[in-house]
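Below is structure34.txt, holding compact mmCIF, C-alpha atoms.
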# COMPACT_ATOMS: atom_id res chain seq x y z
CA MET A 238 -2.18 -129.37 -209.92
CA ILE A 239 -5.38 -128.82 -207.99
CA GLN A 240 -7.42 -125.71 -208.76
CA LEU A 241 -9.09 -123.87 -205.89
CA PRO A 242 -11.92 -121.54 -207.04
CA THR A 243 -11.98 -118.38 -204.93
CA VAL A 244 -13.24 -114.80 -204.95
CA GLY A 245 -11.66 -111.58 -203.71
CA LEU A 246 -13.02 -108.13 -202.92
CA LEU A 247 -11.25 -105.01 -204.19
CA VAL A 248 -11.77 -101.94 -202.03
CA VAL A 249 -9.45 -99.00 -202.75
CA GLN A 250 -9.25 -96.02 -200.43
CA ASN A 251 -6.64 -93.24 -200.60
CA ARG A 252 -4.86 -95.17 -203.39
CA LYS A 253 -4.37 -98.25 -201.18
CA LEU A 254 -6.02 -101.70 -201.28
CA LEU A 255 -7.91 -103.21 -198.35
CA LEU A 256 -6.41 -106.52 -197.19
CA ALA A 257 -7.46 -108.87 -194.39
CA TYR A 258 -5.10 -110.61 -191.95
CA SER A 259 -6.09 -114.23 -191.40
CA ARG A 260 -5.47 -115.82 -188.01
CA ASN A 261 -5.28 -119.22 -189.79
CA LYS A 262 -2.86 -118.21 -192.57
CA GLN A 263 -0.84 -115.58 -190.64
CA CYS A 264 -0.86 -113.34 -193.71
CA PHE A 265 -2.70 -110.37 -195.25
CA TYR A 266 -4.68 -111.26 -198.39
CA LEU A 267 -7.74 -110.09 -200.32
CA PRO A 268 -10.98 -110.33 -198.33
CA GLY A 269 -13.05 -113.18 -199.72
CA GLY A 270 -12.52 -116.91 -199.92
CA LYS A 271 -13.48 -120.23 -201.40
CA ILE A 272 -16.50 -120.72 -203.62
CA ASP A 273 -18.70 -123.54 -202.31
CA LYS A 274 -20.03 -126.20 -204.68
CA GLY A 275 -23.13 -124.90 -206.46
CA GLU A 276 -22.45 -121.30 -205.39
CA THR A 277 -21.86 -118.42 -207.82
CA ALA A 278 -18.75 -116.26 -207.45
CA VAL A 279 -20.75 -113.17 -206.41
CA ALA A 280 -22.88 -115.14 -203.93
CA ALA A 281 -19.70 -116.58 -202.39
CA LEU A 282 -18.15 -113.11 -202.12
CA CYS A 283 -21.24 -111.64 -200.44
CA ARG A 284 -21.24 -114.55 -197.93
CA GLU A 285 -17.50 -114.33 -197.22
CA ILE A 286 -17.53 -110.55 -196.74
CA SER A 287 -20.43 -110.83 -194.32
CA GLU A 288 -18.56 -113.54 -192.36
CA GLU A 289 -15.12 -111.89 -192.41
CA MET A 290 -15.90 -108.17 -192.16
CA ASN A 291 -19.51 -107.82 -190.91
CA VAL A 292 -20.45 -105.94 -194.10
CA ARG A 293 -23.60 -106.76 -196.06
CA ILE A 294 -23.27 -106.29 -199.80
CA ASP A 295 -25.68 -107.13 -202.59
CA GLU A 296 -24.57 -109.03 -205.67
CA HIS A 297 -25.52 -106.12 -207.98
CA GLU A 298 -23.02 -103.85 -206.15
CA LEU A 299 -20.07 -105.97 -207.32
CA LYS A 300 -18.27 -105.24 -210.59
CA TYR A 301 -15.98 -107.89 -212.05
CA HIS A 302 -12.44 -106.59 -212.55
CA THR A 303 -9.95 -109.40 -213.19
CA HIS A 304 -8.91 -113.00 -212.61
CA ILE A 305 -5.76 -114.03 -210.73
CA THR A 306 -4.04 -117.42 -210.94
CA ALA A 307 -1.38 -117.98 -208.26
CA PRO A 308 -0.05 -120.61 -205.84
CA ALA A 309 -2.56 -120.80 -202.97
CA TYR A 310 -0.87 -119.33 -199.89
CA GLY A 311 -1.01 -121.58 -196.83
CA GLU A 312 -2.24 -124.60 -198.81
CA LYS A 313 -0.37 -127.74 -199.83
CA GLN A 314 2.17 -127.58 -202.67
CA GLY A 315 0.48 -127.86 -206.08
CA ILE A 316 -2.77 -126.11 -205.14
CA ILE A 317 -3.46 -123.18 -207.46
CA MET A 318 -5.81 -120.38 -206.48
CA GLU A 319 -8.14 -119.32 -209.29
CA GLN A 320 -9.56 -116.02 -208.03
CA ASP A 321 -12.19 -113.78 -209.58
CA CYS A 322 -11.74 -110.24 -208.23
CA PHE A 323 -14.61 -107.78 -207.92
CA PHE A 324 -14.70 -104.08 -207.10
CA LEU A 325 -17.14 -102.66 -204.60
CA HIS A 326 -17.56 -98.98 -205.46
CA ARG A 327 -18.96 -97.66 -202.22
CA SER A 328 -17.46 -96.87 -198.86
CA ILE A 329 -17.79 -99.48 -196.14
CA THR A 330 -16.86 -99.70 -192.48
CA PRO A 331 -15.50 -103.22 -192.14
CA LYS A 332 -15.01 -104.86 -188.75
CA PRO A 333 -12.86 -108.01 -188.54
CA SER A 334 -14.66 -111.20 -187.50
CA ALA A 335 -14.39 -114.99 -187.86
CA GLU A 336 -10.75 -115.84 -188.70
CA ILE A 337 -9.87 -112.23 -189.59
CA VAL A 338 -7.71 -110.50 -186.98
CA GLU A 339 -7.03 -107.18 -188.70
CA LEU A 340 -7.97 -105.15 -191.78
CA ASN A 341 -5.57 -102.64 -193.29
CA TYR A 342 -4.96 -100.71 -196.51
CA PHE A 343 -1.74 -101.31 -198.47
CA SER A 344 0.22 -99.89 -201.37
CA LEU A 345 2.39 -102.41 -203.22
CA LYS A 346 5.47 -101.01 -201.46
CA ASP A 347 3.77 -101.37 -198.03
CA TYR A 348 2.79 -104.98 -198.74
CA LEU A 349 6.26 -106.00 -199.90
CA THR A 350 7.59 -105.14 -196.40
CA GLN A 351 5.38 -107.87 -194.87
CA THR A 352 7.16 -111.02 -193.65
CA ASN A 353 4.46 -113.31 -195.09
CA ARG A 354 3.10 -112.41 -198.52
CA ALA A 355 0.40 -114.21 -200.49
CA PRO A 356 1.45 -114.52 -204.16
CA GLY A 357 -2.08 -113.61 -205.31
CA ALA A 358 -2.09 -110.44 -203.19
CA VAL A 359 1.25 -109.39 -204.69
CA MET A 360 -0.14 -110.01 -208.20
CA ILE A 361 -3.32 -107.96 -207.69
CA LEU A 362 -1.37 -105.11 -206.04
CA GLN A 363 1.05 -105.06 -208.99
CA GLN A 364 -1.82 -105.05 -211.47
CA LEU A 365 -3.74 -102.27 -209.68
CA GLN A 366 -0.55 -100.19 -209.49
CA LYS A 367 0.04 -100.65 -213.26
CA GLU A 368 -3.56 -99.55 -213.86
CA GLY A 369 -2.89 -96.40 -211.81
CA LEU A 370 -5.47 -97.29 -209.14
CA ILE A 371 -3.08 -97.63 -206.18
CA ASP A 372 0.39 -96.37 -205.24

How would this structure read if it were set down as C-alpha cells?
Amino acid sequence: MIQLPTVGLLVVQNRKLLLAYSRNKQCFYLPGGKIDKGETAVAALCREISEEMNVRIDEHELKYHTHITAPAYGEKQGIIMEQDCFFLHRSITPKPSAEIVELNYFSLKDYLTQTNRAPGAVMILQQLQKEGLID
C-alpha cells in the first residue's frame, strides 16, 4: 500500500457540501489536493484552493475537522488517500480554474446519483450527514 497525503476543503452551504469536478479524474471530489514534500497541510490547502477555485484563504481561517482514509480515486490500485479535512467558515465565491471544470454543492443523496464517485467524497458526505451538517 502506498499512502498519498492530501488535504480537502469543507464548505457547507444550504446543508450541502461543495465539491469540485476534475477534468483529469472525471469525478466530483473535495477541493484540495496533494501535499508537496516539506509543505504543511494548511499551506497545501491554501495553495490548492487558490489554483483550483481562484479563492485566497489564509491558514488561520482553516479549522481542522477530520481525517479520511480511502482508496485514492483515479490512482493505481493500492494507493490510499490520507486526507486531512478542514472547514472554512466564511462565504466564498469560487470560480473553477486549472483542472477543475465545475463546482457544485451536494447532499449525500445527490452525490450517490453520480456515475463516478470518489470513495473519500462518499465517506466525508456520510460523516457530515451523521453529524447533522448536511442533508

field: A:Ser344, A:Asn261, A:Ser328, A:Thr243 ranked by distance to Ala278 (chain A), top pick (using only C-alpha atoms)
entry: A:Thr243

query: Can you tell me, as a list in words, what residues are no more than 6 Å from Leu241 (chain A) when counting only C-alpha atoms, ignoring any on the same chain fewer than 3 positions away?
result: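 Listed by chain and then number, they are Ile317, Met318 and Glu319 of chain A.
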
Selected residues written out with C-alpha atoms, as an mmCIF file, keeping the file's coordinate frame:
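The file below, again.cif, is the result:
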data_model
loop_
_atom_site.group_PDB
_atom_site.id
_atom_site.type_symbol
_atom_site.label_atom_id
_atom_site.label_comp_id
_atom_site.auth_asym_id
_atom_site.auth_seq_id
_atom_site.Cartn_x
_atom_site.Cartn_y
_atom_site.Cartn_z
ATOM 1 C CA ILE A 317 -3.460 -123.180 -207.460
ATOM 2 C CA MET A 318 -5.810 -120.380 -206.480
ATOM 3 C CA GLU A 319 -8.140 -119.320 -209.290
#

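Distance-wise, CA of Cys283 (chain A) and CA of Gly315 (chain A) end up 27.7 Å apart.
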
task: Please provide as a list of chain:residue names all residues within 12 Å of Leu345 (chain A), with the sequence filter that same-chain residues fewer than 3 positions apart are discarded (counting only C-alpha atoms).
output: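 My list of contacting residues is A:Arg252, A:Lys253, A:Leu254, A:Leu255, A:Leu256, A:Tyr342, A:Tyr348, A:Leu349, A:Thr350, A:Gln351, A:Arg354, A:Ala358, A:Val359, A:Met360, A:Ile361, A:Leu362, A:Gln363, A:Gln364, A:Leu365, A:Gln366, A:Lys367, A:Gly369, A:Leu370, A:Ile371, A:Asp372.
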
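Going from CA of Ile286 (chain A) to CA of Val248 (chain A) covers 11.6 Å.
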
Within-12 Å shell of (-26.1, -105.8, -193.7) in input frame, all atoms listed in the file, as an MDAnalysis selection string: chainID A and resid 283:284 286:288 290:295 329:331

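You can rank A:Gly311, A:Gly275, A:Pro268, A:Pro356 by their closest distance to Ser334 (chain A) using all atoms listed in the file, and at the top of that list sits A:Pro268.
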
field: Contacts of Gln263 (chain A) within 12 Å, all atoms listed in the file, excl. fewer than 5 positions in-chain, as a list in words
entry: Ala257, Tyr258, Tyr310, Gly311, Glu336, Ile337, Val338, Glu339, Gln351, Thr352, Asn353, Arg354 and Ala355 of chain A

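Of note, CA of Cys264 (chain A) and CA of Val279 (chain A) are spaced 23.6 Å apart.
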
task: Excluding Leu282 (chain A) and residues on its chain fewer than 3 positions from it, collect all residues at most 8 Å away from it, counting all atoms listed in the file, and give them as a PyMOL selection string.
output: chain A and resi 244-246+269-270+272+278-279+285-286

Taking every listed atom of region 316-322 of chain A and adding 8 Å to each side, what centre and edge lengths in Å (one decimal) does the axis-aligned box have, as lines of an AutoDock Vina configuration file?
center_x = -7.5
center_y = -118.2
center_z = -207.4
size_x = 25.4
size_y = 31.9
size_z = 20.4

message: I need the residue nearest Glu368 (chain A) from this list: A:His297, A:Lys274, A:Arg260, A:His302. Use only C-alpha atoms for the distance.
response: A:His302

- prompt: Looking at all atoms listed in the file, which of A:Phe343, A:Leu325, A:Asp273, A:Gln320 is the one that sits closest to Thr303 (chain A)?
  reply: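 Closest candidate: A:Gln320.
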